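Source file: upload-v3.cif; contents: mmCIF, C-alpha atoms.
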```cif
data_entry
#
loop_
_atom_site.group_PDB
_atom_site.id
_atom_site.type_symbol
_atom_site.label_atom_id
_atom_site.label_comp_id
_atom_site.auth_asym_id
_atom_site.auth_seq_id
_atom_site.Cartn_x
_atom_site.Cartn_y
_atom_site.Cartn_z
ATOM 1 C CA MET A 3 100.896 82.045 69.189
ATOM 2 C CA ARG A 4 101.927 85.722 69.033
ATOM 3 C CA GLU A 5 99.831 86.506 72.128
ATOM 4 C CA LEU A 6 101.411 83.593 74.036
ATOM 5 C CA PHE A 7 104.890 84.844 73.059
ATOM 6 C CA ARG A 8 104.043 88.359 74.289
ATOM 7 C CA ARG A 9 102.801 86.952 77.592
ATOM 8 C CA LEU A 10 105.956 84.875 77.970
ATOM 9 C CA ILE A 11 108.336 87.771 77.254
ATOM 10 C CA THR A 12 106.458 90.135 79.593
ATOM 11 C CA GLY A 13 106.385 87.478 82.323
ATOM 12 C CA VAL A 14 110.128 86.835 82.029
ATOM 13 C CA VAL A 15 110.962 90.569 82.178
ATOM 14 C CA PHE A 16 108.654 91.001 85.185
ATOM 15 C CA VAL A 17 110.269 88.097 87.052
ATOM 16 C CA ILE A 18 113.795 89.357 86.274
ATOM 17 C CA LEU A 19 112.858 92.826 87.570
ATOM 18 C CA LEU A 20 111.403 91.365 90.736
ATOM 19 C CA LEU A 21 114.320 89.024 91.444
ATOM 20 C CA SER A 22 116.834 91.785 90.684
ATOM 21 C CA ALA A 23 115.190 94.028 93.297
ATOM 22 C CA ILE A 24 115.131 91.212 95.867
ATOM 23 C CA PHE A 25 118.837 90.386 95.466
ATOM 24 C CA LEU A 26 120.014 93.977 94.983
ATOM 25 C CA SER A 27 118.907 95.252 98.395
ATOM 26 C CA SER A 28 115.946 95.476 100.747
ATOM 27 C CA ASP A 29 115.596 99.181 99.860
ATOM 28 C CA ALA A 30 115.304 98.334 96.159
ATOM 29 C CA PHE A 31 112.601 95.774 96.956
ATOM 30 C CA ASP A 32 110.741 98.297 99.144
ATOM 31 C CA PHE A 33 110.896 100.977 96.452
ATOM 32 C CA LEU A 34 109.749 98.581 93.726
ATOM 33 C CA PHE A 35 106.602 97.644 95.624
ATOM 34 C CA MET A 36 105.905 101.250 96.516
ATOM 35 C CA VAL A 37 105.879 101.979 92.766
ATOM 36 C CA PHE A 38 103.831 98.839 92.041
ATOM 37 C CA GLY A 39 101.335 100.005 94.663
ATOM 38 C CA LEU A 40 100.984 103.407 92.985
ATOM 39 C CA ALA A 41 100.411 101.711 89.609
ATOM 40 C CA CYS A 42 97.788 99.373 91.090
ATOM 41 C CA LEU A 43 96.047 102.281 92.839
ATOM 42 C CA TYR A 44 95.937 104.218 89.574
ATOM 43 C CA GLU A 45 94.268 101.284 87.813
ATOM 44 C CA TYR A 46 91.884 100.741 90.741
ATOM 45 C CA LYS A 47 90.871 104.442 90.641
ATOM 46 C CA ARG A 48 89.960 104.085 86.980
ATOM 47 C CA LEU A 49 87.960 100.905 87.596
ATOM 48 C CA VAL A 50 85.788 102.396 90.355
ATOM 49 C CA HIS A 51 85.851 106.001 89.085
ATOM 50 C CA LEU A 52 87.457 107.422 92.220
ATOM 51 C CA ARG A 53 88.341 111.062 91.633
ATOM 52 C CA GLY A 54 91.200 113.083 93.032
ATOM 53 C CA TYR A 55 94.639 112.180 94.296
ATOM 54 C CA HIS A 56 93.874 111.837 98.006
ATOM 55 C CA VAL A 57 94.251 108.053 97.957
ATOM 56 C CA PHE A 58 97.796 108.362 96.515
ATOM 57 C CA LEU A 59 98.814 110.795 99.250
ATOM 58 C CA ALA A 60 97.253 108.612 101.962
ATOM 59 C CA TYR A 61 98.996 105.517 100.581
ATOM 60 C CA LEU A 62 102.413 107.195 100.404
ATOM 61 C CA GLY A 63 102.003 108.566 103.943
ATOM 62 C CA MET A 64 100.943 105.163 105.281
ATOM 63 C CA TRP A 65 103.786 103.489 103.377
ATOM 64 C CA TRP A 66 106.413 105.842 104.799
ATOM 65 C CA MET A 67 105.144 105.434 108.355
ATOM 66 C CA PHE A 68 104.902 101.639 108.389
ATOM 67 C CA ILE A 69 108.008 100.859 106.354
ATOM 68 C CA TYR A 70 110.413 103.421 107.822
ATOM 69 C CA LEU A 71 109.021 104.938 111.020
ATOM 70 C CA ILE A 72 106.640 102.625 112.875
ATOM 71 C CA ASN A 73 108.107 99.509 114.458
ATOM 72 C CA ASP A 74 105.377 98.948 117.024
ATOM 73 C CA ALA A 75 103.767 95.499 116.786
ATOM 74 C CA VAL A 76 100.398 96.770 118.037
ATOM 75 C CA LEU A 77 100.105 99.433 115.313
ATOM 76 C CA ILE A 78 101.256 96.987 112.629
ATOM 77 C CA ASN A 79 98.649 94.460 113.806
ATOM 78 C CA ILE A 80 95.956 97.153 113.683
ATOM 79 C CA LEU A 81 96.876 97.849 110.042
ATOM 80 C CA MET A 82 96.887 94.113 109.335
ATOM 81 C CA PHE A 83 93.410 93.577 110.793
ATOM 82 C CA LEU A 84 92.037 96.660 109.013
ATOM 83 C CA SER A 85 93.383 95.255 105.730
ATOM 84 C CA ILE A 86 91.890 91.829 106.470
ATOM 85 C CA ILE A 87 88.522 93.378 107.432
ATOM 86 C CA VAL A 88 88.430 95.271 104.117
ATOM 87 C CA ASN A 89 89.318 92.057 102.265
ATOM 88 C CA ILE A 90 86.513 90.205 104.066
ATOM 89 C CA TRP A 91 84.148 92.980 102.993
ATOM 90 C CA LEU A 92 85.373 92.457 99.415
ATOM 91 C CA ILE A 93 84.551 88.744 99.729
ATOM 92 C CA HIS A 94 80.997 89.788 100.671
ATOM 93 C CA PHE A 95 81.022 92.137 97.664
ATOM 94 C CA LEU A 96 82.158 89.239 95.450
ATOM 95 C CA PHE A 97 79.183 87.027 96.327
ATOM 96 C CA SER A 98 76.523 89.726 96.557
ATOM 97 C CA ARG A 99 74.798 92.136 94.197
ATOM 98 C CA LYS A 100 76.225 95.090 96.070
ATOM 99 C CA LYS A 101 77.982 97.804 94.084
ATOM 100 C CA ILE A 102 80.587 100.254 95.339
ATOM 101 C CA TYR A 103 78.930 103.668 95.030
ATOM 102 C CA ARG A 104 80.178 105.939 97.793
ATOM 103 C CA THR A 105 83.446 107.821 97.419
ATOM 104 C CA PHE A 106 84.440 107.054 101.005
ATOM 105 C CA GLU A 107 84.001 103.304 100.388
ATOM 106 C CA LYS A 108 86.152 103.484 97.250
ATOM 107 C CA PHE A 109 88.848 105.390 99.157
ATOM 108 C CA ILE A 110 88.973 102.973 102.124
ATOM 109 C CA ILE A 111 88.997 99.899 99.884
ATOM 110 C CA GLY A 112 91.803 101.296 97.738
ATOM 111 C CA LEU A 113 93.862 102.319 100.762
ATOM 112 C CA PHE A 114 93.657 99.039 102.695
ATOM 113 C CA TYR A 115 93.061 96.438 99.951
ATOM 114 C CA ILE A 116 95.819 97.700 97.651
ATOM 115 C CA GLY A 117 97.880 99.930 99.969
ATOM 116 C CA GLY A 118 97.765 97.496 102.875
ATOM 117 C CA GLY A 119 98.451 94.534 100.592
ATOM 118 C CA CYS A 120 101.588 96.139 99.111
ATOM 119 C CA ILE A 121 102.835 97.197 102.546
ATOM 120 C CA PHE A 122 102.489 93.662 103.950
ATOM 121 C CA LEU A 123 104.120 92.162 100.865
ATOM 122 C CA THR A 124 107.088 94.370 101.729
ATOM 123 C CA MET A 125 106.991 93.471 105.431
ATOM 124 C CA ILE A 126 106.901 89.688 104.937
ATOM 125 C CA PRO A 127 110.651 89.228 104.200
ATOM 126 C CA TYR A 128 111.734 91.044 107.367
ATOM 127 C CA LYS A 129 112.174 88.260 109.899
ATOM 128 C CA ASP A 130 114.279 88.735 113.055
ATOM 129 C CA ASP A 131 115.631 92.028 111.614
ATOM 130 C CA ASP A 132 117.014 90.207 108.559
ATOM 131 C CA PHE A 133 115.800 90.452 104.965
ATOM 132 C CA ALA A 134 114.698 86.879 104.175
ATOM 133 C CA LYS A 135 115.096 86.854 100.368
ATOM 134 C CA PHE A 136 114.113 83.237 99.913
ATOM 135 C CA LEU A 137 110.987 83.556 102.052
ATOM 136 C CA ILE A 138 109.445 86.241 99.844
ATOM 137 C CA MET A 139 110.685 84.438 96.734
ATOM 138 C CA GLY A 140 108.942 81.311 97.983
ATOM 139 C CA ILE A 141 105.656 83.180 98.381
ATOM 140 C CA PHE A 142 105.956 84.592 94.861
ATOM 141 C CA ILE A 143 106.691 81.104 93.542
ATOM 142 C CA LEU A 144 103.612 79.663 95.262
ATOM 143 C CA ILE A 145 101.387 82.316 93.664
ATOM 144 C CA TRP A 146 102.995 81.863 90.222
ATOM 145 C CA VAL A 147 102.726 78.060 90.377
ATOM 146 C CA ASN A 148 99.069 78.292 91.381
ATOM 147 C CA ASP A 149 98.219 80.787 88.622
ATOM 148 C CA SER A 150 100.217 78.968 85.931
ATOM 149 C CA PHE A 151 98.957 75.449 86.602
ATOM 150 C CA ALA A 152 95.391 76.615 87.189
ATOM 151 C CA TYR A 153 95.572 78.104 83.686
ATOM 152 C CA VAL A 154 97.221 75.044 82.094
ATOM 153 C CA VAL A 155 94.990 72.444 83.783
ATOM 154 C CA GLY A 156 91.889 74.574 83.191
ATOM 155 C CA LYS A 157 92.707 74.900 79.491
ATOM 156 C CA THR A 158 93.424 71.175 79.181
ATOM 157 C CA LEU A 159 90.858 69.523 81.450
ATOM 158 C CA GLY A 160 88.510 72.293 82.519
ATOM 159 C CA ARG A 161 84.805 71.545 82.159
ATOM 160 C CA THR A 162 83.070 72.801 85.308
ATOM 161 C CA LYS A 163 82.808 76.574 85.698
ATOM 162 C CA LEU A 164 84.004 77.899 89.046
ATOM 163 C CA TYR A 165 82.046 81.170 89.209
ATOM 164 C CA SER A 166 80.820 82.010 85.716
ATOM 165 C CA LYS A 167 79.016 85.209 86.752
ATOM 166 C CA VAL A 168 82.343 86.835 87.537
ATOM 167 C CA SER A 169 85.012 84.860 85.648
ATOM 168 C CA PRO A 170 83.662 82.630 82.856
ATOM 169 C CA LYS A 171 87.077 81.124 82.025
ATOM 170 C CA LYS A 172 87.941 79.828 85.498
ATOM 171 C CA THR A 173 87.117 76.188 86.158
ATOM 172 C CA VAL A 174 86.932 73.891 89.167
ATOM 173 C CA GLU A 175 89.412 71.526 87.523
ATOM 174 C CA GLY A 176 91.891 74.364 86.959
ATOM 175 C CA THR A 177 91.540 75.512 90.564
ATOM 176 C CA ILE A 178 92.179 71.989 91.876
ATOM 177 C CA GLY A 179 95.145 71.575 89.510
ATOM 178 C CA GLY A 180 96.671 74.844 90.690
ATOM 179 C CA PHE A 181 96.230 73.804 94.322
ATOM 180 C CA VAL A 182 97.830 70.371 93.828
ATOM 181 C CA PHE A 183 100.903 71.733 92.033
ATOM 182 C CA THR A 184 101.279 74.539 94.569
ATOM 183 C CA MET A 185 101.343 72.010 97.400
ATOM 184 C CA ILE A 186 104.030 70.059 95.515
ATOM 185 C CA ALA A 187 106.021 73.289 95.110
ATOM 186 C CA ALA A 188 105.640 74.042 98.830
ATOM 187 C CA TYR A 189 106.872 70.564 99.718
ATOM 188 C CA ILE A 190 109.949 70.998 97.484
ATOM 189 C CA MET A 191 110.723 74.474 98.878
ATOM 190 C CA ALA A 192 110.459 73.170 102.433
ATOM 191 C CA LYS A 193 113.550 71.076 101.737
ATOM 192 C CA TYR A 194 115.639 74.111 100.747
ATOM 193 C CA GLU A 195 114.306 77.028 102.825
ATOM 194 C CA PRO A 196 114.548 76.236 106.560
ATOM 195 C CA ILE A 197 113.302 79.642 107.745
ATOM 196 C CA VAL A 198 109.801 78.104 107.715
ATOM 197 C CA GLU A 199 109.212 74.504 108.820
ATOM 198 C CA PRO A 200 107.949 71.947 106.240
ATOM 199 C CA THR A 201 104.445 71.705 107.751
ATOM 200 C CA GLN A 202 104.264 75.486 107.939
ATOM 201 C CA TRP A 203 105.181 75.801 104.248
ATOM 202 C CA LEU A 204 102.226 73.556 103.393
ATOM 203 C CA ILE A 205 99.860 75.547 105.624
ATOM 204 C CA LEU A 206 101.149 78.789 104.128
ATOM 205 C CA ALA A 207 100.554 77.377 100.642
ATOM 206 C CA VAL A 208 96.912 76.598 101.509
ATOM 207 C CA VAL A 209 96.388 80.136 102.850
ATOM 208 C CA ILE A 210 98.020 81.717 99.798
ATOM 209 C CA VAL A 211 96.115 79.590 97.269
ATOM 210 C CA ALA A 212 92.740 80.157 98.954
ATOM 211 C CA SER A 213 93.153 83.910 99.491
ATOM 212 C CA GLY A 214 94.942 84.412 96.175
ATOM 213 C CA ASN A 215 92.136 82.737 94.204
ATOM 214 C CA ILE A 216 89.559 84.901 95.983
ATOM 215 C CA GLY A 217 91.648 88.008 95.255
ATOM 216 C CA ASP A 218 91.706 87.089 91.573
ATOM 217 C CA LEU A 219 87.903 86.733 91.565
ATOM 218 C CA VAL A 220 87.457 90.049 93.408
ATOM 219 C CA GLN A 221 89.547 91.770 90.734
ATOM 220 C CA SER A 222 87.470 90.041 88.037
ATOM 221 C CA LYS A 223 84.267 91.399 89.570
ATOM 222 C CA LEU A 224 85.697 94.930 89.782
ATOM 223 C CA LYS A 225 86.536 94.702 86.078
ATOM 224 C CA ARG A 226 83.120 93.258 85.240
ATOM 225 C CA GLU A 227 81.400 96.086 87.127
ATOM 226 C CA ALA A 228 83.550 98.568 85.196
ATOM 227 C CA GLY A 229 82.846 96.809 81.883
ATOM 228 C CA VAL A 230 86.518 96.263 80.972
ATOM 229 C CA LYS A 231 88.623 93.199 80.160
ATOM 230 C CA ASP A 232 91.845 94.359 81.845
ATOM 231 C CA SER A 233 92.613 96.861 84.582
ATOM 232 C CA GLY A 234 95.252 98.491 82.360
ATOM 233 C CA ALA A 235 97.685 97.898 79.513
ATOM 234 C CA ILE A 236 101.104 98.458 81.094
ATOM 235 C CA LEU A 237 102.083 94.780 80.744
ATOM 236 C CA PRO A 238 101.684 93.493 77.150
ATOM 237 C CA GLY A 239 99.805 90.200 77.123
ATOM 238 C CA HIS A 240 98.954 90.465 80.830
ATOM 239 C CA GLY A 241 96.915 93.670 81.022
ATOM 240 C CA GLY A 242 97.542 95.993 83.940
ATOM 241 C CA MET A 243 99.721 95.834 87.024
ATOM 242 C CA LEU A 244 96.669 95.035 89.147
ATOM 243 C CA ASP A 245 95.862 92.116 86.834
ATOM 244 C CA ARG A 246 99.350 90.752 87.555
ATOM 245 C CA LEU A 247 99.412 91.377 91.305
ATOM 246 C CA ASP A 248 95.770 90.937 92.363
ATOM 247 C CA SER A 249 96.337 87.515 93.970
ATOM 248 C CA LEU A 250 99.511 88.610 95.782
ATOM 249 C CA ILE A 251 98.024 91.853 97.095
ATOM 250 C CA PHE A 252 94.896 90.178 98.430
ATOM 251 C CA ALA A 253 96.825 87.255 99.955
ATOM 252 C CA ALA A 254 99.559 89.376 101.608
ATOM 253 C CA PRO A 255 97.788 90.317 104.899
ATOM 254 C CA PHE A 256 96.607 86.715 105.360
ATOM 255 C CA ALA A 257 100.128 85.392 104.677
ATOM 256 C CA TYR A 258 101.592 87.924 107.129
ATOM 257 C CA LEU A 259 99.078 86.857 109.803
ATOM 258 C CA THR A 260 99.900 83.187 109.179
ATOM 259 C CA LEU A 261 103.649 83.814 109.521
ATOM 260 C CA ASN A 262 103.034 85.741 112.753
ATOM 261 C CA ILE A 263 101.021 82.831 114.132
ATOM 262 C CA PHE A 264 103.895 80.480 113.242
ATOM 263 C CA THR A 265 106.319 82.737 115.159
ATOM 264 C CA TYR A 266 104.005 82.904 118.169
ATOM 265 C CA VAL A 267 103.336 79.141 118.224
ATOM 266 C CA SER A 268 106.987 78.152 117.818
#
```

Do you think you could lay out the structure here as structure tokens?
Amino acid sequence: MRELFRRLITGVVFVILLLSAIFLSSDAFDFLFMVFGLACLYEYKRLVHLRGYHVFLAYLGMWWMFIYLINDAVLINILMFLSIIVNIWLIHFLFSRKKIYRTFEKFIIGLFYIGGGCIFLTMIPYKDDDFAKFLIMGIFILIWVNDSFAYVVGKTLGRTKLYSKVSPKKTVEGTIGGFVFTMIAAYIMAKYEPIVEPTQWLILAVVIVASGNIGDLVQSKLKREAGVKDSGAILPGHGGMLDRLDSLIFAAPFAYLTLNIFTYVS
């Protein structure tokens, strides 16, 4: 009961911090995710034993360029596809016996998996030169609903292991439960947030659930390879920042691509 209370309090504080940044200003939101990205990179470095501070400098340089300097669609799309390519490589890593040995591999993965993910999370709300608060809130809600109901349904009804080699506690029933409730949440949000059409909200929910679940498993494998339970201890009851944001970071480039396709099609 004490552990559940700690998780609840930490979760509430985290959500309040996030919502405060969103409604305070776009600059506050940008800064918050820059800091979150640094925290996630720090935890990633410890997991894969990446030495030095080069990845921090590269991330901050890339962040500054793409958030404040570069407004060219071609360059942004190049970053998006590089991030997606690295994530696809991580999916291969998830289902193979491959280990991450080389320093260059660790650097590139950290820069585009975590750095790229945080950058695209920050880019998502900017639609038609406006800061779409409710769009990014909706994406956070979809991830939280999926994670929460996957946990609740898995605890209650879970019998069939999803991928026991990597995450023994995840179940097929929990995954299905998370998906169903996320689709319900997307349907409800479609009635109140017109910036994305109802059908597009449902498609976006599918993309976020699928990529977010894979991102969670990728993080689980990184922790298993490192022989640790959590990526850090900054969030009592939740572990590290990367434990909290793994689904969002992995899903962000795919969500950004999906939203761009919607814009192009419409």

**OP:** Could you tell me which of A:Phe252, A:Thr260, A:Ile18, A:Lys157 comes closest to Leu204 (chain A) if we count all atoms listed in the file?
**Re:**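 Among A:Phe252, A:Thr260, A:Ile18, A:Lys157, it is A:Thr260 that comes nearest to Leu204 (chain A).
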
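The residue that comes closest to Phe183 (chain A), out of A:Asp248, A:Asp149, A:Asp29, A:Glu45 and on the basis of all atoms listed in the file, is A:Asp149.
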
**OP:** Enumerate, as a list in words, the protein, DNA and RNA residues whose atoms approach (105.4, 77.4, 105.9) to within 10 Å, taking into account only C-alpha atoms and the coordinate frame of the file.
**Re:**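 Returned residue set, sorted by chain then number, is Leu137, Gly140, Ile141, Ala188, Tyr189, Met191, Ala192, Glu195, Pro196, Ile197, Val198, Glu199, Pro200, Thr201, Gln202, Trp203, Leu204, Ile205, Leu206, Ala207, Val208, Val209, Ala257, Thr260, Leu261 and Phe264 of chain A.
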
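Of the residues under consideration (A:Gly242, A:Phe58, A:Phe122, A:Leu34), A:Phe58 shows the shortest atom-to-atom contact distance to Phe109 (chain A) when counting only C-alpha atoms.
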
**OP:** Record the distance separating CA of Ile110 (chain A) and CA of Val50 (chain A), expressed in Å with one decimal.
**Re:** 12.2 Å

Just need the box for region 109-112 of chain A, edges along x, y and z, holding every atom the file lists for it with 3 Å tacked onto each side, so centre and edge lengths in Å to one decimal, as JSON.
```
{"center_x": 90.3, "center_y": 102.6, "center_z": 99.9, "size_x": 9.0, "size_y": 11.5, "size_z": 10.4}
```

Original post:
Got a sec to resolve the PyMOL selection byres ((chain A and resi 75-88) around 7) on this structure and send the residues as a list in words?
Top reply: Asn73, Asp74, Asn89, Ile90, Trp91, Leu92, Ile111, Phe114, Tyr115, Gly118 and Pro255 of chain A

**OP:** Kindly resolve the PyMOL selection byres ((chain A and resi 251) around 8) on the present coordinates and return the residues as a PyMOL selection string.
**Re:** chain A and resi 115-116+119-120+123+217+247-250+252-255

Subject >> Nearby residues, (108.9, 95.7, 105.4) file frame, 12 Å, only C-alpha atoms, as number ranges by chain >> reply: A: 28-33, 35-36, 65-73, 78, 118-135, 138, 254, 258

**OP:** Could you check how far CA of Lys47 (chain A) sits from CA of Leu259 (chain A), in Å to one decimal?
**Re:** 27.3 Å

Subject >> Nearest to Pro170 (chain A) by atom-to-atom distance, counting all atoms listed in the file, from A:Ser98, A:Asn262, A:Ser222, A:Thr105 >> reply: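 Closest candidate: A:Ser222.
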
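With all atoms listed in the file as the basis for measurement, A:Leu144 is the residue among A:Leu144, A:Ile190, A:Leu20, A:Val14 that approaches Ile210 (chain A) most closely.
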
Subject >> Shell around Gly160 (chain A) at 10 Å using only C-alpha atoms, local window under 5 positions removed, as a list in words >> reply: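 Those residues are Ala152, Tyr153, Val154, Val155, Lys171, Lys172, Thr173, Val174, Glu175, Gly176, Thr177 and Gly179 of chain A.
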
Original post:
Excluding same-chain residues fewer than 6 positions from Glu227 (chain A), what lies within 10 Å of it counting all atoms listed in the file, as number ranges by chain?
Top reply: A: 49-50, 101-102, 168, 221

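Picture a line from CA of Met139 (chain A) to CA of Phe256 (chain A); it runs 16.7 Å.
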
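When all atoms listed in the file are used to measure the gap to Ile145 (chain A), the shortest distance among A:Gly117, A:Gly241, A:Gly229, A:Gly180 belongs to A:Gly180.
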
**OP:** Using all atoms listed in the file, determine which residues lie at most 7 Å from Cys42 (chain A), disregarding the query and same-chain residues fewer than 3 positions distant; provide the list as a VMD selection string.
**Re:** chain A and resid 38 to 39 45 to 46 243 to 244

Could you complete region 86-102 of chain A so that it carries N, CA and C atoms, and give it back as a compact mmCIF listing (two decimals), in the frame of the given file?
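Below you can see selection33.txt, which holds the result:
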```txt
# COMPACT_ATOMS: atom_id res chain seq x y z
N ILE A 86 92.63 93.09 106.54
CA ILE A 86 91.89 91.83 106.47
C ILE A 86 90.39 92.09 106.52
N ILE A 87 89.95 93.04 107.36
CA ILE A 87 88.52 93.38 107.43
C ILE A 87 88.02 93.89 106.08
N VAL A 88 88.81 94.77 105.44
CA VAL A 88 88.43 95.27 104.12
C VAL A 88 88.38 94.13 103.11
N ASN A 89 89.33 93.20 103.18
CA ASN A 89 89.32 92.06 102.26
C ASN A 89 88.11 91.16 102.50
N ILE A 90 87.72 90.99 103.76
CA ILE A 90 86.51 90.20 104.07
C ILE A 90 85.27 90.90 103.50
N TRP A 91 85.25 92.23 103.59
CA TRP A 91 84.15 92.98 102.99
C TRP A 91 84.12 92.76 101.48
N LEU A 92 85.30 92.70 100.86
CA LEU A 92 85.37 92.46 99.42
C LEU A 92 84.89 91.05 99.05
N ILE A 93 85.09 90.09 99.96
CA ILE A 93 84.55 88.74 99.73
C ILE A 93 83.02 88.80 99.73
N HIS A 94 82.45 89.57 100.66
CA HIS A 94 81.00 89.79 100.67
C HIS A 94 80.55 90.46 99.37
N PHE A 95 81.31 91.45 98.93
CA PHE A 95 81.02 92.14 97.66
C PHE A 95 81.06 91.15 96.50
N LEU A 96 82.01 90.22 96.53
CA LEU A 96 82.16 89.24 95.45
C LEU A 96 80.91 88.38 95.28
N PHE A 97 80.31 87.97 96.40
CA PHE A 97 79.18 87.03 96.33
C PHE A 97 77.82 87.71 96.52
N SER A 98 77.79 89.01 96.41
CA SER A 98 76.52 89.73 96.56
C SER A 98 76.26 90.58 95.32
N ARG A 99 75.12 91.23 95.31
CA ARG A 99 74.80 92.14 94.20
C ARG A 99 75.18 93.57 94.53
N LYS A 100 75.85 93.75 95.62
CA LYS A 100 76.22 95.09 96.07
C LYS A 100 77.21 95.73 95.10
N LYS A 101 77.05 97.03 94.89
CA LYS A 101 77.98 97.80 94.08
C LYS A 101 78.68 98.83 94.99
N ILE A 102 79.84 99.26 94.56
CA ILE A 102 80.59 100.25 95.34
C ILE A 102 80.24 101.64 94.78
```
